[in-house]
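Enquirer: Pasting in a structure now, in structure tokens, and then I'll have a few things to ask.
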Amino acid sequence: MDIVFSQVAWLAPLFPLTAFAVLTAMGRGLGKAGAIVATAASLLSFVLALLIAAERLGDSAEDYTGRIEWLRAGGVVLHAGYEVTNLTALMLVIVTLVALLVNVYSLSYMKDDERISVFFAYVALFTASMLGLVLADNLLTLYVCWELVGVCSFLLIGFWFRKPEARAAAKKAFVVTRIGDLGLLIAILLLYWNMPNHALDYTSLYNVFHSQSEALSDSLTTLIALLIFLGAVGKSGQFPLHVWLPDAMEGPTPISALIHAATMVAAGVYLVARTFDVFEASPNALTVVALVGAFTAIFAAAIGLAQNDIKRVLAYSTVSQLGYMMLALGSGAAAAAMFHLFTHAFFKALLFLAAGSVIHAVHTQDIREMGGLGRRMKLTAWTFGIGALALSGVPPLSGFWSKDAVLAAALEKSPWLFAVAVVTALFTALYMARLFFLVFTGSSRGEAVVYVHAKESPAAMTVPLVILAVLTVAAGFVWTPWNEWLPGWLAGSGAGEEEAGAGGWNGVVVAASVAASLLGLLLGWLVYGRKGAAVSAAAAKAPGLVRILERKFYIDELYDIAFVRPLAVLGRALHVFDEVVVDGAVRLVGRSVQAAGKLNTRLLSGQLQTYGLAALAGAVILIVAIAGRRFW
Amino acid sequence: MQTVVQTLTWHDTWYLAPEIVLAAFTIVLAILDLALPKRIGRNIIGWGALLGLIAAGVFVGWHIHDLSTWEEAGKEPFRNLLDGSYRVDDFGNLLKLVFLGATALIVLASLGTTRTDEIPIKGEFYYLVLPAVLGAMVMASSGDLITLFIGMELLGITSYVLVAARKSAGISGEAAFKYVVTGGTASAFVLYGMSFLYGMTGSTRLSGIGDAIGNAVAESPAMVYVAFFLLIVGFALKLALAPFHAWAPDVYQGAPTPVTSFLGVVAKGAAFAMLYRIFVNTALYAYADNTQLRDDLYLALKVLAAAAMLVGVAGALRQQNAKRLLALSGVANAGILLIPLALDVTNFHASLFSEFIYYLLAYVLMNAGAFAVVAVVARGAKSEELSGFAGLYHRAPWTAAAMTVLVCSLAGLPVTGGFFGKLFILFGTVQTKEYWLAAVLLASTVISYYVYFSFIRQMYLRGGESELPVTVPVPTGLVIWICAAATVAMGFLPKPILEWVDGLFSLTTDFFSR
């Protein structure tokens, strides 16, 4: 099959990058036009991604790799390149589609912000970096893009930098993800030292780790896999580095949809999937991935039950769903993980954008002050409802299919993991039901004025919602019991005949999953949906538990005591050391040079006799010190 | 011992052509100055002097060419005159070219800036430069202590007169007097050391001293020590190395700016030439049984170099007068220039001369250029204080840009000749494992940034208090731009110059007066 478009895949990141360059160069003068430029660029990228995916739909599309020599230092050559496989093609479509929709949505959502062109420039840079990350054919190029998306995330979380919370959240996100990035960097360095020919490209990784060659010892492989996973933990908000993601909701809502729900946070999952050869070579590492994923899933879902900020609920839901993906990866089912990533990207972006629509209407994020909005914002309510059902795993929406794939993989790995995943599904349905009923049904609890003025958002915001809702319904059908197309396609030409993970369909899994979600939804309706149900009904019955959940298991407080404060003390101590010892030394040097200069000036008094005396003294000292020591 | 002195033959005059040309021009210009009526401006003498310098330079170039053809033909590329008391070799010729070129630049620059009301003896001022250069050339070419001393005195005495040329300014007379006393002291030290050396070895010829020094050390080491240390102190005074530098700021400040430039470049270069001649020819052979004496002498040179670098920049920190600042910067630069010689030549460090000449060349350019700028600025601001540079960027942006290049070269920032000059010398110190000296060089360079940036601060960051426009006379502007352009060129193309010097120069034939 001809692969024309894959050869020019490098254009995909180039479009938004150009938009970024144009917007940055033209500055704010561009205003609204800049937003159009950025949106057009993302449209071009999306079209290209579609074309690439379309030409790869056949059975035997070749992977295409293009690379250039990037740096040559001595005998070391570093390459920069891109590789188009079915996996990257899928990711390209996801990223460009969500980016495009978020761009369109932001045209309306951000239209009153005076820094709108800056916003679109950042989004364009993010899109370019994310596409670069997806396309990279080696870990080094990936790492560069990985850091770039981190920077964009930082810039966008702190976009409203006049809000102190936004500043703090941006800083927190940056610092916390750096911990993971450091792990990834060390992993890359270890690979660089130990791989034959210092190769860092995925093909070489595949060759080395798949052929059971003895190039790297088992313990080293496990170490590298765990360090890569640490990077993924940071980016994908897995426990214990999840703390930044909920705070990141201080950013504009379209950003939460694009970066902190659909794309960047999925980069960790993508990274593990991309380097899955390394993980497969180390069963211990896989188990760690599965355990961390499962724990994160249930832990974040439990926190999500008691949050009152609409975006925070969704954020914890994201953390939880990313845990699902990690669980699938750890169970050896990379295809199931990618499937869930794929569907999750759509329904979570949908939920965030719908939440944004709500926030846009009522100017608050606290669900206790909402209620009854469904009557005033029908389209938003309907699309949000579809997203919520998909997230809860109600058939036949996409979330159901992908969650089942994950659950099936977990059952294969261990019944305990499966049990945890099922309970998580129950929690998920429960908090989504709570969210939906509190926001859209019942009567308004907020100020009457706001409620009266709340109205449906403009078309630029609702059209993306509708598109995403359609995709949320439809996306699941690429992998159903009667159509196992996706896993086979994802395995693609690279893996050939090999089984793509995730065994057949299991009646127990389907039954447990459906039962859990329906039970969750029912509980949610009973507590929050019925007429007259108190908002804080749960809090009244089990105040202690709710309190713990509201405080997010006190993780932030724990970190504050365990790391932040000691580090702050250490920092202050180092600062004092710096002030007194280092600066003191510098000042001493400066002063002594100045003093020497002063002494010199005193010597240069203009008195020739003094000069002669100094010369004579110098001569005597020189002779005595150097020649004299030979004769004593 | 030599009893019959080889006489100067008619044939030999060809090899003395540059010196003879200079002498002839001096006499002709002196007569012209006397004969010409007062109403004719004395600038014509200046142009004549410039012509003489160029003519002498052409002959030196011719000699360099001759010597290299000899080398290709298998003949030894040097010529001994008067039984080796005068040598024409690549070492001398290269230095002569530098002296002549530097003097030509200085004369050209002064043609634009010298005012008759300041220097009433303009005619003498110009033609006296020629015997001064002649003295420097004799120093560069000597193979005998006596010729060396004669060259030194010729240079010295004419310089005393030149320093005093600003007859109306009291400060000029004071400077000249201080220079006479200091120069006399230096000569006394040098002469005393030479007499000890002669007494110990029975020869004034450098080759003869080299042959006999081994025995002398064995017989009476203390005497040899005294001889060499007296020489070192004398030269340190001449070179204004710390702590023998105290006279330099006063003299540099008092002298007319072109003369200051001449003192800083040519007089220093000549003293270095002499130091090289004596040390390489004698001290190197001074080890009879052990290398103690030689090590001690080189250690003394290193200590002096380090002291000069540090004291020079530290002293310059607080200077408010541009010329005093450049004088102290000259002290530091003399220290840097001393380093290649002070490094042990036997320790695989054969590139000492190319390091030295490269930095000397860079130093000549940046110094001549900087003094030319100082002269121009001082003419406008009526003061030689640093504050005269205030806001120069707004008043004369091009001159400020050229000065920036020159100052960057002085500070040793890339991409300039000064940067590579320092870099090569630094390589030398590291190569011979003299890490402490390298550290001192780096430290003094760092401090010197502060010093040199006081120019930049004034030029760019201070508003011009005096709104006087700066007029740059054409010849001076030409010099400023030649210096700035050559400085940048040396920064971009260090290799060709270094390789050319390396190719011309070989330690065995050009230094050792065998």
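To be explicit about the labels: the chains of the structure tokens are called A, B, and onward in the order shown, and within each one the residues are counted from 1, while ligands get numbers from 1 in the order they are shown.
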Specify as an NGL selection string all residues of chain B found within 6 Å of chain A, counting only C-alpha atoms.

Expert: :B and (243-244 or 246 or 314-315)

Enquirer: Could you write out the selected residues, including N, CA and C atoms, as a PDB file, in the first residue's frame?

Expert:
ATOM      1  N   PRO B 243      56.692  44.887  41.836  1.00  0.00           N
ATOM      2  CA  PRO B 243      56.393  46.199  42.454  1.00  0.00           C
ATOM      3  C   PRO B 243      57.293  47.317  41.917  1.00  0.00           C
ATOM      4  N   PHE B 244      57.720  47.191  40.686  1.00  0.00           N
ATOM      5  CA  PHE B 244      58.611  48.210  40.123  1.00  0.00           C
ATOM      6  C   PHE B 244      57.846  49.116  39.150  1.00  0.00           C
ATOM      7  N   ALA B 246      55.643  51.628  39.931  1.00  0.00           N
ATOM      8  CA  ALA B 246      55.003  52.825  40.486  1.00  0.00           C
ATOM      9  C   ALA B 246      55.178  54.048  39.593  1.00  0.00           C
ATOM     10  N   ALA B 314      44.416  45.265  39.870  1.00  0.00           N
ATOM     11  CA  ALA B 314      43.859  45.778  41.133  1.00  0.00           C
ATOM     12  C   ALA B 314      44.048  47.290  41.196  1.00  0.00           C
ATOM     13  N   GLY B 315      45.220  47.753  40.764  1.00  0.00           N
ATOM     14  CA  GLY B 315      45.459  49.189  40.789  1.00  0.00           C
ATOM     15  C   GLY B 315      44.551  49.923  39.824  1.00  0.00           C
TER      16      GLY B 315
END

Enquirer: Just the residues within 8 Å of Met370 in chain A, please, counting only C-alpha atoms, with nothing from its chain fewer than 2 positions along; format it as a ChimeraX atom specification.

Expert: /A:362,366-368,372-373,438-440,444-446

Enquirer: Applying 9 Å and only C-alpha atoms, which residues near Val190 in chain B remain after dropping the ones on its own chain fewer than 4 positions away? List them as a list in words.

Expert: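 Listing them by chain and then by number gives Phe149, Thr185, Ala186, Met194, Ser195, Ala227, Leu230, Leu231, Ile232, Val233, Gly234 and Phe235 of chain B.
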
Enquirer: Keeping C-alpha atoms, export the residues of the selection given above as a PDB file, in the first residue's frame.

Expert:
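Written file, selection.pdb:
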ATOM      1  CA  PHE B 149      72.974  48.459  26.418  1.00  0.00           C
ATOM      2  CA  THR B 185      68.039  53.377  38.087  1.00  0.00           C
ATOM      3  CA  ALA B 186      67.040  50.607  35.714  1.00  0.00           C
ATOM      4  CA  MET B 194      76.019  42.840  33.116  1.00  0.00           C
ATOM      5  CA  SER B 195      79.333  43.654  34.715  1.00  0.00           C
ATOM      6  CA  ALA B 227      74.260  38.975  38.214  1.00  0.00           C
ATOM      7  CA  LEU B 230      70.271  42.461  39.139  1.00  0.00           C
ATOM      8  CA  LEU B 231      69.405  42.061  35.468  1.00  0.00           C
ATOM      9  CA  ILE B 232      65.895  40.899  36.335  1.00  0.00           C
ATOM     10  CA  VAL B 233      65.316  43.856  38.642  1.00  0.00           C
ATOM     11  CA  GLY B 234      66.612  46.248  36.007  1.00  0.00           C
ATOM     12  CA  PHE B 235      64.330  44.847  33.352  1.00  0.00           C
TER      13      PHE B 235
END

Enquirer: Show which residues sit within 10 Å of Met377 in chain A, as a PyMOL selection string. Count only C-alpha atoms, and ignore same-chain residues fewer than 6 positions away.

Expert: chain A and resi 357-358+361+440+454-457

Enquirer: So which bits of range 134-325 of chain B end up alpha helix (DSSP H) when you DSSP the backbone, as a VMD selection string?

Expert: chain B and resid 134 to 141 145 to 163 170 to 201 206 to 219 221 to 239 247 to 254 257 to 262 268 to 281 292 to 316 322 to 325

Enquirer: Write out as a list in words all residues of range 22-161 of chain B that backbone DSSP assigns to strand (DSSP E).

Expert: Arg79, Asn80, Leu81, Tyr86, Arg87 and Val88 of chain B

Enquirer: Tell me which protein, DNA and RNA residues are within 12 Å of Gly173 in chain B, counting only C-alpha atoms, leaving out same-chain ones fewer than 5 positions away, and put them as JSON, numbers by chain.

Expert: {"B": [160, 161, 162, 163, 164, 165, 166, 167, 168, 178, 179, 180, 250, 251, 252, 253, 254, 255, 256]}
